[in-house]
Every structure is written in C-alpha cells, then in structure tokens.
Protein chains: 2
Amino acid sequence: MILYERLADDVEQMIRAGTLQPGDRLPSVRALRSRRAVSQATVLQAYALLEARGVIQSRPRSGYFVAPTHRPATVSSSAPPAPSGPPVSVDVSELVFDLLDATRERRALPFGSAFPSPLLFPLQTLATSLARAARSLDPWATVADLPPGSVALRGEIARRYLLTGADVTADDIVVTNGAMEALNLALQSVARPGAVVAIESPAFYGALQAIERLGLRAVEVRTDPVEGIDPDSLREVLDAHPVAACWFMSSFQNPLGATVPDARRPQIVELLAARGVPLIEDDVYAELYFGARAPRPYKCFDRTGLVMHCGGFAKCLAPGWRVGWIAAGRQRRAVQKLKATSSLATNIPAQEGLADYLRRGSAEGHLRRLRRRLASQQEEMLSAIARHFPAGTRATRADGGYFTWVEMPPTVDALELHRRAAAEGIGLSPGPMFSPSRAWRNCVRLNYGHPWDAELRAGIARLGALATELAERGG
Amino acid sequence: MILYERLADDVEQMIRAGTLQPGDRLPSVRALRSRRAVSQATVLQAYALLEARGVIQSRPRSGYFVAPTHRPATVSSSAPPAPSGPPVSVDVSELVFDLLDATRERRALPFGSAFPSPLLFPLQTLATSLARAARSLDPWATVADLPPGSVALRGEIARRYLLTGADVTADDIVVTNGAMEALNLALQSVARPGAVVAIESPAFYGALQAIERLGLRAVEVRTDPVEGIDPDSLREVLDAHPVAACWFMSSFQNPLGATVPDARRPQIVELLAARGVPLIEDDVYAELYFGARAPRPYKCFDRTGLVMHCGGFAKCLAPGWRVGWIAAGRQRRAVQKLKATSSLATNIPAQEGLADYLRRGSAEGHLRRLRRRLASQQEEMLSAIARHFPAGTRATRADGGYFTWVEMPPTVDALELHRRAAAEGIGLSPGPMFSPSRAWRNCVRLNYGHPWDAELRAGIARLGALATELAERGG
C-alpha cells in the first residue's frame with residue numbers, strides 16, 4: 001500500500017470510529033502534512049481518494065469535511081421479518097392517518113410532509129395556461145375526453161417517454177386523478193382480494209393503504225437503502241409465494257431515496273417477465289433527478305407488456321392539480337375501464353391546461369431549477385442531520401427526490417420522537433408508517449423539499465437534540 | 001254517470017284501443033258535438049276531465065291532442081326476476097362498454113348519451129371563475145386541501161343543502177372526483193366483497209359496474225316507472241337477503257325518470273334505518289327539477305346518519321370538471337380515508353373555481369334556464385316518440401332530468417334496434433344495460449338533454465320507423 005492510501009485509510013478509520021463526525025472539518029492540508037510528516041502532494045492525493053470514496057467532501061475556499069452521511073451498508077436493526085415469512089394482511093391505515101393528521105393540524109415544520117413546497121412550482125404560469133385552456137375549451141371535450149383522456153395531454157406525455165427510450169405512445173396512456181389513482185387502478189387490474197403483492201421494505205405508506213383497502217396481502221422484499229430492491233430477496237419471495245403483482249419504485253424510492261442501478265433494471269424486469277408477474281412501477285419522482293439525466297424506468301425494458309408505469313405531475317410541476325397517468329401495457333383496456341367506473345374522467349380543463357403548458361416548452365427550465373434547488377436543500381438537510389443527530393445516526397443521500405431516510409441508534413423510538421417533536425411543532429414521518437409489520441422503529445423519513453432557512457435549520461437542530469435525549473435515555 | 005263523463009270514457013277507450021294514437025289531434029269540439037248530439041259545454045267538460053286525467057292535452061290555437069305518452073302503469077313484460085330471487089353477481093361491464101364505445105365512435109345522434117349537451121352550460125363564466133381562482137390560489141391550498149376538500153367549496157355546497165332542509169354542514173362533506181367517485185367510496189365504506197347491494201330495477205349501469213368491480217352481489221327491487229322504489233318489494237328484499245346497502249336514486253331516476261313521492265320518502269328512510277341498512281342516495285339530477293321546487297332528498301329524513309347523499313356538478317353546472325361530493329353521515333371519516341387512499345384529492349383549482357362561481361350567485365339564473373330548456377326538450381322528444389314509435393309504445397314523462405324510458409312492444413329487441421340505429425348514426429341506450437339479468441329487452445333509454453332541432457326530430461322519426469319494422473317483423 002502506498003503512502004497516500006495508508007493515510008487515506010487512517011483518516012477514514014477515524015471517521016468510522018466517530019473521532020471525526022459527519023460534517024466535521026478535516027485537518028487542513030498543512031496541518032496534516034506537518035503532523036504526519038508527509039508531503040503536501042500525499043495529503044492532497046489521500047483527500048482526493050477519500051472524496052472519490054464518498055467519505056469526505058471538499059468545499060471551495062473552506063477546506064475538507066466529513067461527508068454528511070455514510071451510505072448505510074447494512075439493513076437496520078429494526079428490519080422487518082425475513083422475506084420468506086408469510087404474506088400479511090395490512091393494517092396501517094389508522095396509524096398513518098393519525099400521523100398525517102397530527103402533521104397537518106399543528107402547522108408543523110414540514111419534515112413530515114409528503115410534498116415539496118408549493119412555492120417551488122410555476123403556479124402563475126400554470127394558471128395562465130389553465131385560463132387559456134378553459135376559455136378555448138371545445139365544449140364537446142367535456143363529453144369526449146372520457147378515459148383514456150385528453151389527446152393533447154397524452155401526446156405531450158408520450159413525447160416525454162420518448163426521451164427515456166420507453167416504447168410508450170399516446171394510445172398506451174390513460175390519464176388519471178393523480179398517480180395515486182393510477183397505482184390503485186393498476187393494482188385492481190391484476191390483483192383480486194386475498195392476492196399477494198410484493199412491496200419494498202420499507203414501502204410507501206400509500207401502497208400499504210391501497211393493499212389494505214383492497215383486501216390484499218403484502219410480502220416485503222429486502223430493499224437496500226442505496227440500491228433498492230434486492231434481486232436475490234425478490235427471487236426468494238417469488239419462489240415462496242404466489243405473487244400476483246409487485247409494486248416497486250425504481251428511482252428515489254419513498255421513503256429510502258434508493259435508486260436501482262441501471263444495470264440491474266433489465267434483470268429485475270426479466271425476472272418478473274419470466275414468471276409472468278406484473279410490475280407496477282411507481283415513478284412519481286422520475287423528473288426529480290440530481291444527475292445528468294433521468295434513470296431509465298423499468299418500463300424501458302418491458303418486452304412483454306407486464307410493466308405498468310405510473311407517473312404524475314404533482315411532485316414535479318402542478319401540485320394540487322391531481323393529474324397523473326398510467327402506461328399499463330397489456331392491462332391498458334382493463335385499466336381504462338376501471339378508471340371509467342371508478343371516477344369516470346379526470347378534470348378536463350386541467351388536462352388541457354397541462355397540455356398547453358407542456359406544449360409551450362417552459363417545463364424544462366422549471367424542472368432544471370427545481371432539481372438544483374432540491375439538491376441544494378438536500379445538502380443543507382444532510383449537513384444539519386450530521387451535525388445535530390446522535391452518534392450512530394445514518395441518513396441516505398438520494399440521487400433525486402426530496403426524502404432522506406434517517407436511521408437513528410436502536411434505542412431511539414421514532415414514534416416517541418414523533419410525539420415529542422409534534423408537541424413542539426416539528427413534523428416527521430416515523431418508520432413504522434412504512435411497514436405492514438410496523439418495523440423500522442428507530443427510523444424516520446425527513447422531507448427536504450422546502451426552501452432551507454433558519455427556521456428549518458433550528459428545527460433539525462431541535463429534532464437532533466430530541467433524538468439524542470432518547471438515544472441517551474434508552475442506551 | 002253523467003253525460004260528459006261517459007263521453008270522456010268513450011274517448012279514452014278509443015285512445016286505449018289505439019284508434020287515437022298519442023300525438024293525434026282529437027275531433028274538434030264542433031265535430032264531436034254534432035256527431036254525438038251533445039252540447040258544446042258537455043264536450044268541453046269531457047275534454048277538461050281527460051286533460052285532468054293526463055290523457056289529452058290542449059294546445060292554444062291548435063285544439064286537443066292525445067297526450068304524447070301514457071304513464072306506464074304496469075311493469076314491463078321483460079321485467080327481471082322477482083325480488084325474492086337470489087342476489088346475483090354482476091357481469092354487464094363488457095356489454096356496457098361496447099355500447100358506450102359504439103355511441104362514441106360513430107358521432108351518433110346523442111339519444112344514447114349519458115350527458116346533457118355541453119352547450120347548455122355557462123362554460124365561459126366558469127372559465128373566468130377558474131382563471132380567477134387559479135391566479136389567486138394560495139399555494140399552500142395545494143397541500144392543505146386534501147380530503148375533505150376546499151373549505152370554500154364545502155361551504156357553498158352546505159348552503160345549497162340548507163335550501164333542501166337537510167341537516168348537512170360543511171364538515172359533513174367530502175369533495176370527490178365527480179359523483180361517480182362519491183358513489184364508489186360510499187359503496188366501499190359499507191360493503192365488503194361478496195356483500196349484497198339492493199338496487200333499482202332498472203338501475204343506472206354505473207351502479208352495476210361498481211358492484212361488479214368491487215365483487216359485490218346485486219338484488220333488484222321492483223321499481224315503478226313513475227313512483228320509483230316499491231316499498232313492499234323493498235321490504236321483501238330486506239326480509240329475504242342480508243342487504244349490506246341500498247343504492248337508490250330518489251329523483252328523476254336513471255334510466256326511468258321516476259321520482260319517489262314526497263310522502264313516501266321518510267317511510268323508505270325509516271324502513272332502512274329500523275334495520276340499520278345504509279342508503280346510498282345517488283342524487284346527481286337533484287337540480288334538474290321541472291316543478292316549482294326540488295324534491296327533498298332522502299337525506300332530509302335521515303335521523304341515524306345512515307343516508308350517504310352523493311351529488312355532483314357535472315349534470316347541472318360544470319361538465320368535465322369532475323367535482324362531486326358526498327355527505328356520508330356516520331361514514332364520513334371512513335369515506336374521507338378511502339378518498340385519500342384512492343385518489344388523494346380533487347383538483348384544487350376546480351374546487352376553488354366552483355366556489356368562486358357559486359359565491360357570485362349566478363348559478364340560480366343558469367339553473368332556471370337549464371330546467372326550462374330540458375322541460376321543453378322533453379316535450380319535443382315525447383311528442384316525437386308518440387308520433388313515430390310503434391303502437392303500444394309507452395314512454396315515461398319524468399318530473400326532471402333528461403331521460404325518458406321507452407317501453408316498446410314486446411317483440412322489439414332493443415339490442416337489435418341499437419345495432420340498426422348505430423349503423424345509421426343514431427345512438428340509444430338499450431334496456432339490458434340497466435339490469436344484471438339483462439332484462440328490459442324491449443326498452444330503451446333516450447336522452448333529451450340536447451337542444452331540439454330538425455336533425456334530432458328526423459332521428460327520432462327514423463328510430464321510430466326502425467322500431468316499427470322490428471315490431472311488425474316480430475309480431
């Protein structure tokens with residue numbers, strides 16, 4: 001091992017041991033050089049290596065810092081039952097609603113929110129498009145634009161699919177009342193009451209509620225906080241249970257922020273296709289990537305029509321408009337009928353207004369700004385967590401979206417933390433919301449979708465202090 | 001029997017026998033006086049009596065005519081199984097979708113449509129309200145107006161309930177994606193898969209589809225074409241089956257146009273309340289009454305919170321906006337949760353736009369004009385049916401809404417009539433769409449919600465000719 005590597009390892013060891021905490025400044029190049037009696041070049045090479053490993057970060061004109069998080073490498077100690085366990089019926093709705101109510105009623109700091117700040121969206125430009133669309137609406141569109149939905153909007157959505165390389169045309173798309181309806185219709189189209197649905201662990205609570213409402217059973221698939229669905233665990237689950245469908249998020253999974261590596265995506269699609277299992281792809285954060293381009297959804301690798309890709313505009317463009325869609329492959333006509341009998345149609349002025357907005361081409365500029373802001377807010381959030389949460393805390397750094405999954409020391413009870421934080425006007429989403437077995441007791445999902453400011457910073461500081469109290473009391 | 005009564009009976013007998021057809025002009029007063037050797041006063045008294053019986057009509061400066069329809073007094077010969085028969089699982093969706101598709105694809109004359117003409121609605125004024133609401137939207141409303149929905153809109157809806165005398169406040173209301181979602185949520189809140197739902201016979205096909213989709217079973221309650229649900233039949237059904245819920249329309253029932261008499265409404269509500277059976281009241285035509293005031297919905301007589309009143313704006317004000325609501329009584333919180341997990345929320349700009357429109361008070365003028373137009377279109381439609389359809393045809397004259405239920409001679413097959421009419425670009429809704437047992441083979445529902453013109457008149461003439469061909473061929 002050459003000199004700079006050994007130096008790098010030593011520094012990393014100090015970080016692993018907690019001597020240097022996430023967010024801490026590293027010794028300056030000059031200080032380390034003199035202390036270790038090495039050349040400046042060696043220190044610089046060591047720090048470059050640590051940066052490449054993701055362990056530290058350089059900040060222009062400030063020096064080097066311990067990266068605000070380590071990517072969790074292991075599953076939480078509060079992990080749910082092994083995937084070979086039996087499918088379970090789901091009963092989380094009351095818990096979820098109680099928690100959501102608490103968050104809403106208290107006008108809490110929005111770390112528990114499911115949404116980014118509405119202030120990040122071009123609401124006035126959208127209003128102009130909506131007004132234009134409503135005024136020039138063909139009255140007969142109110143009768144004709146029943147499912148599958150507005151031709152103009154489906155055309156705009158199909159154009160966006162083109163960019164991802166997915167083979168989806170306007171005819172493949174059914175417009176829905178937000179992605180939530182799309183996901184529900186997808187589930188209904190392939191799973192009868194009692195059927196088994198494979199979900200991530202932890203999973204979006206909306207998936208759990210839909211499964212509960214429809215009388216289905218859930219089986220959890222091991223999910224890496226960084227790389228998402230574990231293919232081996234998925235295979236085990238498929239071997240052990242008659243899985244009627246999977247409900248997975250490929251990118252910026254809620255709540256983990258996990259993104260399945262590109263190379264693994266076709267494998268997962270093929271694994272399911274070989275067994276004829278439909279894959280409901282919840283891709284509502286697709287546009288919120290921080291990298292150079294969007295990850296390619298599972299739908300891109302769908303050769304058999306078994307992938308049902310669900311998207312929406314609520315998180316990236318038009319909150320509160322409740323316009324989503326589904327490209328349901330084989331199930332297109334079934335989904336279209338379910339849509340017609342569930343809620344008939346989706347608001348026509350909103351569909352035409354969105355088509356107008358997208359046609360005018362200003363979406364790209366908005367999305368670029370939005371992604372930059374979310375990435376910068378992520379940085380602030382993770383730094384604050386690193387600074388204020390108890391030792392042993394790990395938070396995920398997603399490649400997109402606006403959630404981080406924070407695993408605290410095992411002695412911290414997230415539901416208790418929630419109660420104490422709520423009493424002080426601070427929201428959060430406790431881990432048990434995301435599991436049919438109410439696992440993840442020492443985890444919380446935090447939202448960084450809101451412009452960072454002193455109040456939020458103080459909120460995280462306070463949350464960290466509360467968590468530290470619980471960690472110390474429990475330990 | 002005095003002279004004028006005998007004369008009246010004789011004339012009525014000629015009508016019943018078909019000597020005088022609906023729409024035919026009666027003998028002039030002078031002609032009848034001389035033929036029967038009676039006084040002019042006797043003829044006038046006889047005609048007045050027949051008018052009072054609803055058998056004939058006087059038209060200013062034109063004379064007397066056989067009333068375009070007789071109210072059907074008996075149940076159709078194609079009636080469904082007796083209500084004591086077993087509940088059936090429902091399998092009509094494919095038929096309904098095929099029929100709806102045929103109607104849509106052919107740009108057919110709109111007698112088969114489920115909607116009134118969009119040209120009857122104040123779309124430009126609504127667009128102005130929508131634009132105003134979208135521009136002045138509080139961005140946080142996009143997050144806060146989750147179920148139960150916009151405070152402003154729920155307030156406006158509650159104000160309208162005040163007029164009916166129903167004890168419904170803004171807090172009791174959950175805003176939905178149209179009445180269709182409201183009805184579906186109501187059903188889900190009280191009926192598990194396999195449960196028995198009592199429906200009208202014939203029933204709205206959307207109810208049949210919802211029952212089918214949710215895996216429920218239907219039992220039909222005898223329904224009078226004029227007075228709606230038969231309380232004796234309802235009692236029999238409740239005695240014979242474990243009914244989990246009823247789905248009934250109190251006013252201008254789809255497809256019959258039947259309206260339950262005011263005096264009978266509290267009886268039906270109490271009959272169900274005594275047995276603890278929830279009543280889902282589909283009241284989407286509530287505003288489309290032709291009389292002096294709206295009938296009071298079942299909800300007005302609800303003392304136990306078991307009536308779930310569902311309404312919407314699609315048919316009376318804002319087609320294509322997909323805004324409805326439910327006042328779900330005891331099930332309010334359950335419905336709110338189902339809404340949140342089904343489609344999260346209803347388009348926020350549309351909710352605020354409707355609240356703006358209603359607040360400005362121009363709804364009443366629009367509704368008065370709409371009711372007058374529908375009533376006049378009904379007159380035209382019924383006259384044309386009376387003139388052109390085969391002898392023995394009976395059509396209902398509803399007190400509101402925009403449907404007439406036409407019972408043709410038993411030899412006319414409505415599905416065959418549909419096929420022939422569709423081939424000539426004429427839409428209609430065949431009776432079997434409205435029954436889980438595909439009964440009502442010789443009946444059709446016709447829509448008169450479109451401004452009457454020569455094309456529609458010619459369409460009914462042609463439809464009548466086709467029906468006459470089938471009647472003669474079959475007879």
# chains A, B, ... in the order shown; residues from 1 in each chain; ligands from 1
call {"tool": "interface_residues", "arguments": {"of": "chain A", "to": "chain B", "cutoff": "7 Å", "atoms": "only C-alpha atoms", "output": "JSON, numbers by chain"}}
result
{"A": [118, 119, 124, 127, 130, 131, 134, 135, 139, 140, 142, 143, 177, 178, 180, 181, 184, 206, 209, 210, 319, 320, 321, 322, 341, 342, 343, 344, 345, 346, 347, 348, 349]}
call {"tool": "write_last_selection", "arguments": {"atoms": "N, CA, C and O atoms", "output": "compact mmCIF listing (two decimals), in the first residue's frame"}}
result
# COMPACT_ATOMS: atom_id res chain seq x y z
N PRO A 118 -45.00 24.05 -2.17
CA PRO A 118 -45.70 24.52 -3.37
C PRO A 118 -45.07 25.79 -3.95
O PRO A 118 -45.33 26.14 -5.10
N LEU A 119 -44.24 26.44 -3.15
CA LEU A 119 -43.61 27.67 -3.64
C LEU A 119 -42.55 27.38 -4.71
O LEU A 119 -42.06 28.30 -5.36
N GLN A 124 -48.20 30.51 -11.27
CA GLN A 124 -48.81 31.58 -12.07
C GLN A 124 -48.81 31.24 -13.56
O GLN A 124 -49.80 31.48 -14.26
N ALA A 127 -51.44 28.82 -14.06
CA ALA A 127 -52.77 29.45 -14.02
C ALA A 127 -53.10 30.08 -15.37
O ALA A 127 -54.23 30.01 -15.84
N LEU A 130 -54.00 27.35 -17.66
CA LEU A 130 -55.32 26.81 -17.31
C LEU A 130 -56.42 27.74 -17.80
O LEU A 130 -57.43 27.30 -18.36
N ALA A 131 -56.22 29.04 -17.60
CA ALA A 131 -57.22 30.01 -18.04
C ALA A 131 -57.39 29.96 -19.55
O ALA A 131 -58.51 29.94 -20.07
N ALA A 134 -59.22 26.75 -20.46
CA ALA A 134 -60.64 26.75 -20.09
C ALA A 134 -61.44 27.63 -21.04
O ALA A 134 -62.55 27.30 -21.44
N ARG A 135 -60.86 28.79 -21.41
CA ARG A 135 -61.60 29.71 -22.29
C ARG A 135 -61.76 29.16 -23.68
O ARG A 135 -62.76 29.40 -24.34
N PRO A 139 -66.44 22.76 -26.10
CA PRO A 139 -67.42 22.24 -25.13
C PRO A 139 -67.58 20.73 -25.23
O PRO A 139 -67.81 20.06 -24.23
N TRP A 140 -67.42 20.18 -26.43
CA TRP A 140 -67.63 18.75 -26.59
C TRP A 140 -66.51 17.93 -25.96
O TRP A 140 -66.67 16.73 -25.71
N THR A 142 -65.71 18.13 -23.00
CA THR A 142 -66.18 17.74 -21.66
C THR A 142 -66.92 16.41 -21.71
O THR A 142 -67.07 15.75 -20.70
N VAL A 143 -67.38 16.04 -22.89
CA VAL A 143 -68.06 14.76 -23.05
C VAL A 143 -67.12 13.73 -23.68
O VAL A 143 -67.12 12.56 -23.32
N ASN A 177 -56.67 10.60 -12.02
CA ASN A 177 -56.68 11.61 -10.97
C ASN A 177 -55.42 11.46 -10.12
O ASN A 177 -55.46 10.92 -9.02
N GLY A 178 -54.33 11.94 -10.66
CA GLY A 178 -53.07 11.82 -9.95
C GLY A 178 -52.51 10.40 -10.06
O GLY A 178 -53.21 9.47 -10.47
N MET A 180 -51.77 8.52 -7.69
CA MET A 180 -52.38 7.64 -6.69
C MET A 180 -53.51 6.83 -7.30
O MET A 180 -53.61 5.62 -7.07
N GLU A 181 -54.35 7.48 -8.08
CA GLU A 181 -55.41 6.71 -8.74
C GLU A 181 -54.82 5.72 -9.73
O GLU A 181 -55.28 4.58 -9.84
N ASN A 184 -53.62 2.70 -7.89
CA ASN A 184 -54.77 1.92 -7.42
C ASN A 184 -55.43 1.14 -8.55
O ASN A 184 -55.82 -0.02 -8.37
N GLY A 206 -48.72 4.80 1.11
CA GLY A 206 -49.88 4.78 0.21
C GLY A 206 -50.07 3.41 -0.43
O GLY A 206 -51.21 2.98 -0.67
N GLN A 209 -51.66 1.30 2.24
CA GLN A 209 -53.08 1.62 2.42
C GLN A 209 -53.92 1.06 1.28
O GLN A 209 -55.03 0.58 1.50
N ALA A 210 -53.39 1.14 0.07
CA ALA A 210 -54.14 0.60 -1.08
C ALA A 210 -54.30 -0.91 -0.93
O ALA A 210 -55.38 -1.46 -1.17
N PRO A 319 -48.69 20.83 -8.41
CA PRO A 319 -49.27 20.26 -7.19
C PRO A 319 -50.73 20.66 -7.06
O PRO A 319 -51.11 21.78 -7.39
N GLY A 320 -51.54 19.73 -6.61
CA GLY A 320 -52.95 20.04 -6.39
C GLY A 320 -53.81 19.93 -7.64
O GLY A 320 -55.02 20.01 -7.54
N TRP A 321 -53.18 19.72 -8.79
CA TRP A 321 -54.00 19.56 -10.00
C TRP A 321 -54.53 18.14 -10.12
O TRP A 321 -55.47 17.89 -10.85
N ARG A 322 -53.88 17.22 -9.44
CA ARG A 322 -54.31 15.82 -9.44
C ARG A 322 -54.42 15.27 -10.86
O ARG A 322 -55.46 14.75 -11.27
N THR A 341 -65.22 3.39 -14.48
CA THR A 341 -66.22 3.02 -13.48
C THR A 341 -65.86 3.52 -12.08
O THR A 341 -66.69 3.47 -11.19
N SER A 342 -64.63 4.00 -11.89
CA SER A 342 -64.24 4.50 -10.57
C SER A 342 -64.52 5.98 -10.42
O SER A 342 -65.04 6.43 -9.41
N SER A 343 -64.12 6.76 -11.41
CA SER A 343 -64.28 8.21 -11.29
C SER A 343 -64.56 8.83 -12.66
O SER A 343 -64.40 10.03 -12.82
N LEU A 344 -64.93 8.00 -13.61
CA LEU A 344 -65.33 8.43 -14.95
C LEU A 344 -64.20 9.10 -15.71
O LEU A 344 -63.69 8.56 -16.67
N ALA A 345 -63.79 10.30 -15.29
CA ALA A 345 -62.80 11.04 -16.07
C ALA A 345 -61.97 11.91 -15.13
O ALA A 345 -62.22 11.97 -13.94
N THR A 346 -60.97 12.54 -15.70
CA THR A 346 -60.13 13.48 -14.95
C THR A 346 -60.46 14.88 -15.43
O THR A 346 -60.74 15.10 -16.61
N ASN A 347 -60.43 15.81 -14.50
CA ASN A 347 -60.76 17.21 -14.80
C ASN A 347 -60.25 17.65 -16.18
O ASN A 347 -59.05 17.63 -16.43
N ILE A 348 -61.18 18.04 -17.05
CA ILE A 348 -60.82 18.32 -18.44
C ILE A 348 -60.03 19.63 -18.57
O ILE A 348 -59.00 19.67 -19.24
N PRO A 349 -60.47 20.72 -17.93
CA PRO A 349 -59.65 21.94 -18.06
C PRO A 349 -58.21 21.72 -17.58
O PRO A 349 -57.26 22.23 -18.19
call {"tool": "residues_around", "arguments": {"residues": "Glu416 of chain A", "least_positions_apart": "2", "cutoff": "12 Å", "atoms": "only C-alpha atoms", "output": "list of chain:residue names"}}
result
A:Leu99, A:Thr411, A:Val412, A:Asp413, A:Ala414, A:His418, A:Arg419, A:Arg420, A:Ala421, A:Ala422, A:Ala423, A:Leu428, A:Ser429, A:Pro430, A:Gly431, A:Pro432, A:Arg441, A:Asn442, A:Cys443, A:Val444, A:Leu463, A:Leu466, A:Ala467, A:Glu469, A:Leu470, A:Ala471, A:Gly474
call {"tool": "closest_residue", "arguments": {"among": "A:Ser362, A:Thr259, A:Ser89, A:Gln21", "to": "Tyr285 of chain A", "atoms": "only C-alpha atoms"}}
result
A:Thr259
call {"tool": "atom_distance", "arguments": {"atom1": "atom CA of Arg154 of chain A", "atom2": "atom CA of Leu354 of chain A"}}
result
10.3 Å
call {"tool": "atom_distance", "arguments": {"atom1": "atom CA of Ala363 of chain A", "atom2": "atom CA of Asp171 of chain A"}}
result
22.6 Å
call {"tool": "residues_around", "arguments": {"residues": "Met381 of chain B", "least_positions_apart": "4", "cutoff": "8 Å", "atoms": "only C-alpha atoms", "output": "PyMOL selection string"}}
result
chain B and resi 377+385+448+457+460
call {"tool": "residues_around", "arguments": {"residues": "segment 266-271 of chain B", "least_positions_apart": "6", "cutoff": "7 Å", "atoms": "only C-alpha atoms", "output": "list in words"}}
result
Pro231, Tyr298, Phe301 and Asp302 of chain B
call {"tool": "closest_atom_pairs", "arguments": {"of": "segment 147-221 of chain B", "to": "segment 391-410 of chain B", "cutoff": "12 Å", "atoms": "only C-alpha atoms", "output": "JSON lines"}}
result
{"residue": "B:Pro202", "atom": "CA", "partner": "B:Trp405", "partner_atom": "CA", "distance": 9.9}
{"residue": "B:Ala203", "atom": "CA", "partner": "B:Trp405", "partner_atom": "CA", "distance": 11.7}
{"residue": "B:Phe204", "atom": "CA", "partner": "B:Phe403", "partner_atom": "CA", "distance": 11.6}
call {"tool": "atom_distance", "arguments": {"atom1": "atom CA of Ala465 of chain B", "atom2": "atom CA of Arg387 of chain B"}}
result
10.4 Å
call {"tool": "residues_around", "arguments": {"residues": "segment 56-58 of chain A", "least_positions_apart": "2", "cutoff": "12 Å", "atoms": "only C-alpha atoms", "output": "VMD selection string"}}
result
chain A and resid 8 11 to 12 14 to 16 20 to 29 44 46 to 54 60 to 70 379 383
call {"tool": "select_by_dssp", "arguments": {"residues": "segment 418-463 of chain A", "states": "alpha helix (DSSP H)", "output": "PyMOL selection string"}}
result
chain A and resi 418-423+454-463
call {"tool": "residues_around", "arguments": {"residues": "segment 308-311 of chain A", "least_positions_apart": "5", "cutoff": "9 Å", "atoms": "only C-alpha atoms", "output": "ChimeraX atom specification"}}
result
/A:178-180,182-183,186,278-286,297-299,324-332
call {"tool": "decode", "arguments": {"residues": "segment 209-259 of chain A", "atoms": "C-alpha atoms", "output": "mmCIF file, in the first residue's frame"}}
result
data_model
loop_
_atom_site.group_PDB
_atom_site.id
_atom_site.type_symbol
_atom_site.label_atom_id
_atom_site.label_comp_id
_atom_site.auth_asym_id
_atom_site.auth_seq_id
_atom_site.Cartn_x
_atom_site.Cartn_y
_atom_site.Cartn_z
ATOM 1 C CA GLN A 209 -53.079 1.617 2.422
ATOM 2 C CA ALA A 210 -54.135 0.598 -1.076
ATOM 3 C CA ILE A 211 -53.291 -3.021 -0.309
ATOM 4 C CA GLU A 212 -55.243 -2.795 2.916
ATOM 5 C CA ARG A 213 -58.249 -1.155 1.295
ATOM 6 C CA LEU A 214 -58.428 -3.731 -1.492
ATOM 7 C CA GLY A 215 -58.146 -6.662 0.910
ATOM 8 C CA LEU A 216 -54.817 -7.859 -0.491
ATOM 9 C CA ARG A 217 -51.837 -9.290 1.371
ATOM 10 C CA ALA A 218 -48.324 -7.891 1.352
ATOM 11 C CA VAL A 219 -44.973 -9.583 1.306
ATOM 12 C CA GLU A 220 -41.906 -7.446 1.851
ATOM 13 C CA VAL A 221 -38.827 -7.716 -0.328
ATOM 14 C CA ARG A 222 -35.494 -6.749 1.152
ATOM 15 C CA THR A 223 -34.589 -3.302 -0.082
ATOM 16 C CA ASP A 224 -31.167 -1.751 0.070
ATOM 17 C CA PRO A 225 -31.200 1.861 1.237
ATOM 18 C CA VAL A 226 -28.985 2.798 -1.697
ATOM 19 C CA GLU A 227 -29.652 0.289 -4.463
ATOM 20 C CA GLY A 228 -33.272 -0.530 -3.838
ATOM 21 C CA ILE A 229 -34.899 -3.929 -4.388
ATOM 22 C CA ASP A 230 -32.574 -6.822 -3.688
ATOM 23 C CA PRO A 231 -32.865 -9.232 -6.646
ATOM 24 C CA ASP A 232 -31.978 -12.280 -4.546
ATOM 25 C CA SER A 233 -34.625 -11.457 -1.995
ATOM 26 C CA LEU A 234 -37.085 -10.846 -4.819
ATOM 27 C CA ARG A 235 -36.317 -14.267 -6.271
ATOM 28 C CA GLU A 236 -36.820 -15.892 -2.871
ATOM 29 C CA VAL A 237 -40.147 -14.165 -2.459
ATOM 30 C CA LEU A 238 -41.300 -15.224 -5.910
ATOM 31 C CA ASP A 239 -40.273 -18.796 -5.159
ATOM 32 C CA ALA A 240 -42.056 -18.836 -1.834
ATOM 33 C CA HIS A 241 -45.328 -17.060 -2.632
ATOM 34 C CA PRO A 242 -47.932 -16.811 -5.398
ATOM 35 C CA VAL A 243 -47.172 -13.164 -6.071
ATOM 36 C CA ALA A 244 -49.936 -11.526 -8.134
ATOM 37 C CA ALA A 245 -48.029 -8.279 -8.652
ATOM 38 C CA CYS A 246 -45.088 -6.196 -7.473
ATOM 39 C CA TRP A 247 -45.385 -2.532 -6.553
ATOM 40 C CA PHE A 248 -41.904 -1.029 -6.793
ATOM 41 C CA MET A 249 -40.280 2.359 -7.225
ATOM 42 C CA SER A 250 -37.204 2.264 -9.407
ATOM 43 C CA SER A 251 -35.909 5.761 -8.654
ATOM 44 C CA PHE A 252 -35.635 7.839 -5.474
ATOM 45 C CA GLN A 253 -37.778 5.353 -3.639
ATOM 46 C CA ASN A 254 -40.116 6.663 -0.991
ATOM 47 C CA PRO A 255 -39.085 6.588 1.855
ATOM 48 C CA LEU A 256 -35.461 5.451 1.354
ATOM 49 C CA GLY A 257 -34.448 7.539 -1.618
ATOM 50 C CA ALA A 258 -32.922 4.364 -3.079
ATOM 51 C CA THR A 259 -32.346 4.084 -6.826
#
